[in-house]
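Quick notes on the structure that follows.
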Amino acid sequence: MADLSTDPARLNLIRYRDDKPVDHGAVTVDAFLDQSNASAVRIEPGDDARELIPHLERLALVEVNFPAFGDGRGYSSAQILREAGYEGELRAVGDVLVDQVAYMRRCGFDAFDPDSALDADDLEAALNRWPEVYQKAADGRTPIWSKRHA
């Protein structure tokens, strides 16, 4: 079940984590790479998530910006970071629609801060619509084909 924020400054924040949210702002990838004390970074479309791989141990939060719902580059950034071993909070921000959340979860996102609030019932329906998956992904769900051959 999602933890829907009650903090007035973060009313749209949805998290699927048990730890506390990071309470400080994220810096750009370039700013992050130029300093040693930042623990939160924001990836914009066009940024290369692979630049963060040598620094995963000091990251508590990676925000991935979706400036428009049709811009899917953030899905790749999430997958790259999770496959590289990133275990911190991976938050989708911006133009995040309820229809995208299930796919974003598959790529490894565990928090969402959409520009517009998502209805809790619609969110649960979207996440539970398809009980089986067909391919391996960062969420670790077992694909249906491997269940058939088990």
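Identifiers in the structure tokens: chain A, B, ... in order shown; residue index from 1 per chain; ligand index from 1 in order shown.
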**OP:** Write out as a PyMOL selection string all residues of chain A that backbone DSSP assigns to strand (DSSP E or B).
**Re:** chain A and resi 3-4+14-15+27-28+40-43+61-66+89-94+111-114
Mind writing the picked residues with N, CA, C and O atoms as a compact mmCIF listing (two decimals), in the first residue's frame?
# COMPACT_ATOMS: atom_id res chain seq x y z
N ASP A 3 2.14 5.03 0.77
CA ASP A 3 2.12 6.00 1.85
C ASP A 3 1.83 7.34 1.19
O ASP A 3 2.69 7.91 0.52
N LEU A 4 0.60 7.81 1.34
CA LEU A 4 0.22 9.10 0.76
C LEU A 4 0.58 10.18 1.76
O LEU A 4 0.21 10.12 2.93
N ILE A 14 3.77 10.28 -3.08
CA ILE A 14 3.34 8.90 -2.87
C ILE A 14 4.60 8.06 -2.76
O ILE A 14 5.46 8.13 -3.64
N ARG A 15 4.72 7.26 -1.70
CA ARG A 15 5.93 6.46 -1.50
C ARG A 15 5.57 5.01 -1.22
O ARG A 15 4.62 4.74 -0.50
N VAL A 27 19.94 18.26 -6.28
CA VAL A 27 20.73 19.12 -7.17
C VAL A 27 20.79 18.48 -8.55
O VAL A 27 20.48 17.30 -8.72
N THR A 28 21.20 19.24 -9.53
CA THR A 28 21.34 18.71 -10.88
C THR A 28 22.48 17.68 -10.93
O THR A 28 23.33 17.65 -10.03
N ALA A 40 21.25 13.92 -2.76
CA ALA A 40 20.03 13.88 -3.56
C ALA A 40 20.31 14.54 -4.90
O ALA A 40 20.92 15.61 -4.96
N VAL A 41 19.88 13.89 -5.97
CA VAL A 41 20.15 14.40 -7.31
C VAL A 41 18.88 14.31 -8.14
O VAL A 41 18.03 13.44 -7.91
N ARG A 42 18.76 15.23 -9.09
CA ARG A 42 17.60 15.25 -9.99
C ARG A 42 18.09 15.05 -11.42
O ARG A 42 18.90 15.82 -11.92
N ILE A 43 17.58 13.99 -12.06
CA ILE A 43 17.94 13.69 -13.44
C ILE A 43 16.91 14.32 -14.36
O ILE A 43 15.70 14.10 -14.19
N LEU A 61 18.50 9.82 -2.49
CA LEU A 61 17.35 10.12 -3.33
C LEU A 61 17.80 10.46 -4.74
O LEU A 61 18.72 11.26 -4.93
N VAL A 62 17.14 9.84 -5.70
CA VAL A 62 17.30 10.23 -7.10
C VAL A 62 15.91 10.58 -7.60
O VAL A 62 15.01 9.74 -7.60
N GLU A 63 15.73 11.84 -7.98
CA GLU A 63 14.49 12.28 -8.62
C GLU A 63 14.70 12.20 -10.12
O GLU A 63 15.75 12.60 -10.62
N VAL A 64 13.71 11.70 -10.82
CA VAL A 64 13.77 11.66 -12.28
C VAL A 64 12.61 12.50 -12.79
O VAL A 64 11.45 12.20 -12.50
N ASN A 65 12.94 13.56 -13.52
CA ASN A 65 11.92 14.49 -13.98
C ASN A 65 11.27 14.01 -15.28
O ASN A 65 11.96 13.62 -16.22
N PHE A 66 9.95 14.05 -15.28
CA PHE A 66 9.14 13.78 -16.46
C PHE A 66 8.42 15.08 -16.82
O PHE A 66 7.34 15.34 -16.30
N GLU A 89 15.87 5.79 -2.54
CA GLU A 89 14.58 6.22 -3.10
C GLU A 89 14.76 6.70 -4.53
O GLU A 89 15.64 7.48 -4.84
N LEU A 90 13.90 6.21 -5.38
CA LEU A 90 13.88 6.59 -6.79
C LEU A 90 12.51 7.19 -7.06
O LEU A 90 11.51 6.48 -7.06
N ARG A 91 12.47 8.51 -7.21
CA ARG A 91 11.21 9.25 -7.25
C ARG A 91 10.95 9.86 -8.63
O ARG A 91 11.77 10.61 -9.15
N ALA A 92 9.81 9.53 -9.22
CA ALA A 92 9.36 10.14 -10.47
C ALA A 92 8.66 11.44 -10.13
O ALA A 92 7.76 11.47 -9.29
N VAL A 93 9.06 12.53 -10.76
CA VAL A 93 8.46 13.83 -10.50
C VAL A 93 8.01 14.45 -11.82
O VAL A 93 8.52 14.13 -12.89
N GLY A 94 7.03 15.34 -11.72
CA GLY A 94 6.58 16.07 -12.91
C GLY A 94 5.26 15.56 -13.44
O GLY A 94 4.34 15.25 -12.68
N ALA A 111 8.73 5.91 -5.49
CA ALA A 111 8.10 7.12 -4.98
C ALA A 111 7.70 7.99 -6.17
O ALA A 111 8.33 7.93 -7.24
N PHE A 112 6.66 8.78 -5.94
CA PHE A 112 6.11 9.61 -7.02
C PHE A 112 5.71 10.96 -6.44
O PHE A 112 5.11 11.03 -5.37
N ASP A 113 6.03 12.02 -7.18
CA ASP A 113 5.63 13.37 -6.79
C ASP A 113 5.08 14.05 -8.04
O ASP A 113 5.74 14.86 -8.67
N PRO A 114 3.85 13.67 -8.42
CA PRO A 114 3.27 14.20 -9.66
C PRO A 114 2.85 15.66 -9.52
O PRO A 114 2.54 16.13 -8.42
Original post:
Any idea what's packed within 8 Å of Leu127 in chain A, counting only C-alpha atoms, ignoring anything in its chain fewer than 4 positions away? Could you give it as a PyMOL selection string?
Top reply: chain A and resi 101-102+123
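Using only C-alpha atoms, the shortest contact distance between Gly72 in chain A and any of A:His24, A:Gln35, A:Trp130, A:Asp95 is found at A:Asp95.
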Original post:
What does the distance from CA of Thr142 in chain A to CA of Ala60 in chain A come to in Å, to one decimal?
Top reply: 27.1 Å
Original post:
Could you pull out all residues of range 36-100 of chain A with a DSSP call of alpha helix (DSSP H) and give them as a PyMOL selection string?
Top reply: chain A and resi 73-83+98-100
Any chance you could export the current selection's N, CA, C and O atoms as a short mmCIF file (atom, residue, chain, number, x, y, z; two decimals), in the first residue's frame?
data_model
loop_
_atom_site.label_atom_id
_atom_site.label_comp_id
_atom_site.auth_asym_id
_atom_site.auth_seq_id
_atom_site.Cartn_x
_atom_site.Cartn_y
_atom_site.Cartn_z
N ARG A 73 12.23 8.93 -21.41
CA ARG A 73 13.65 8.70 -21.11
C ARG A 73 13.91 8.39 -19.65
O ARG A 73 14.86 7.68 -19.31
N GLY A 74 13.05 8.85 -18.76
CA GLY A 74 13.22 8.59 -17.34
C GLY A 74 13.09 7.13 -16.96
O GLY A 74 13.69 6.67 -15.99
N TYR A 75 12.32 6.37 -17.75
CA TYR A 75 12.19 4.93 -17.50
C TYR A 75 13.56 4.27 -17.64
O TYR A 75 13.93 3.41 -16.84
N SER A 76 14.30 4.66 -18.66
CA SER A 76 15.64 4.09 -18.87
C SER A 76 16.58 4.46 -17.75
O SER A 76 17.37 3.64 -17.28
N SER A 77 16.50 5.71 -17.29
CA SER A 77 17.35 6.14 -16.17
C SER A 77 17.10 5.28 -14.94
O SER A 77 18.03 4.84 -14.27
N ALA A 78 15.83 5.04 -14.65
CA ALA A 78 15.47 4.22 -13.49
C ALA A 78 16.02 2.81 -13.63
O ALA A 78 16.63 2.26 -12.70
N GLN A 79 15.83 2.21 -14.76
CA GLN A 79 16.28 0.84 -15.00
C GLN A 79 17.81 0.74 -14.88
O GLN A 79 18.33 -0.19 -14.25
N ILE A 80 18.50 1.70 -15.45
CA ILE A 80 19.97 1.72 -15.37
C ILE A 80 20.43 1.76 -13.91
O ILE A 80 21.32 1.00 -13.50
N LEU A 81 19.84 2.63 -13.12
CA LEU A 81 20.26 2.78 -11.72
C LEU A 81 19.94 1.54 -10.90
O LEU A 81 20.76 1.09 -10.09
N ARG A 82 18.77 0.97 -11.07
CA ARG A 82 18.41 -0.23 -10.31
C ARG A 82 19.29 -1.42 -10.71
O ARG A 82 19.73 -2.17 -9.85
N GLU A 83 19.55 -1.57 -12.00
CA GLU A 83 20.43 -2.67 -12.43
C GLU A 83 21.85 -2.50 -11.92
O GLU A 83 22.56 -3.48 -11.73
N VAL A 98 -1.56 8.55 -13.64
CA VAL A 98 -1.90 7.31 -12.95
C VAL A 98 -1.68 6.10 -13.86
O VAL A 98 -1.28 5.03 -13.39
N ASP A 99 -1.91 6.24 -15.16
CA ASP A 99 -1.72 5.14 -16.10
C ASP A 99 -0.27 4.70 -16.22
O ASP A 99 0.01 3.60 -16.69
N GLN A 100 0.66 5.55 -15.82
CA GLN A 100 2.09 5.24 -15.96
C GLN A 100 2.69 4.60 -14.72
O GLN A 100 3.76 4.00 -14.79
#
Subject >> Contacts of Lys136 in chain A at 10 Å (only C-alpha atoms; same-chain gap of 5+ positions) as a list in words >> reply: Arg106, Cys107, Arg141, Thr142, Pro143, Ile144 and Ser146 of chain A
**OP:** Rank nothing, just name the residue among A:Pro21, A:Pro54, A:Gly46, A:Pro67 nearest to Asp115 in chain A, using only C-alpha atoms.
**Re:**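 Closest to Asp115 in chain A, using only C-alpha atoms: A:Pro67.
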Subject >> Length of the CA of Glu87 in chain A to CA of Tyr103 in chain A vector [Å] >> reply: 18.2 Å
Subject >> Å distance separating CA of Asp34 in chain A from CA of Asp71 in chain A, one decimal place >> reply: 27.1 Å
**OP:** Pick out the closest residue to Leu13 in chain A from this set: A:Leu118, A:Phe69, A:Ala38, A:Ala31. Count only C-alpha atoms.
**Re:**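 Going through A:Leu118, A:Phe69, A:Ala38, A:Ala31 one by one, the smallest distance to Leu13 in chain A is for A:Leu118.
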Original post:
Nearest to Arg50 in chain A: which of A:Asp18, A:Gly85, A:Leu97, A:Asp122 is it, counting only C-alpha atoms?
Top reply: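 Answer, going by the shortest atom-to-atom distance: A:Gly85.
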**OP:** For Asn37 in chain A, work out the shell of residues within 10 Å, counting only C-alpha atoms and skipping chain neighbours fewer than 5 positions away, then give it as a ChimeraX atom specification.
**Re:** /A:32,58-59
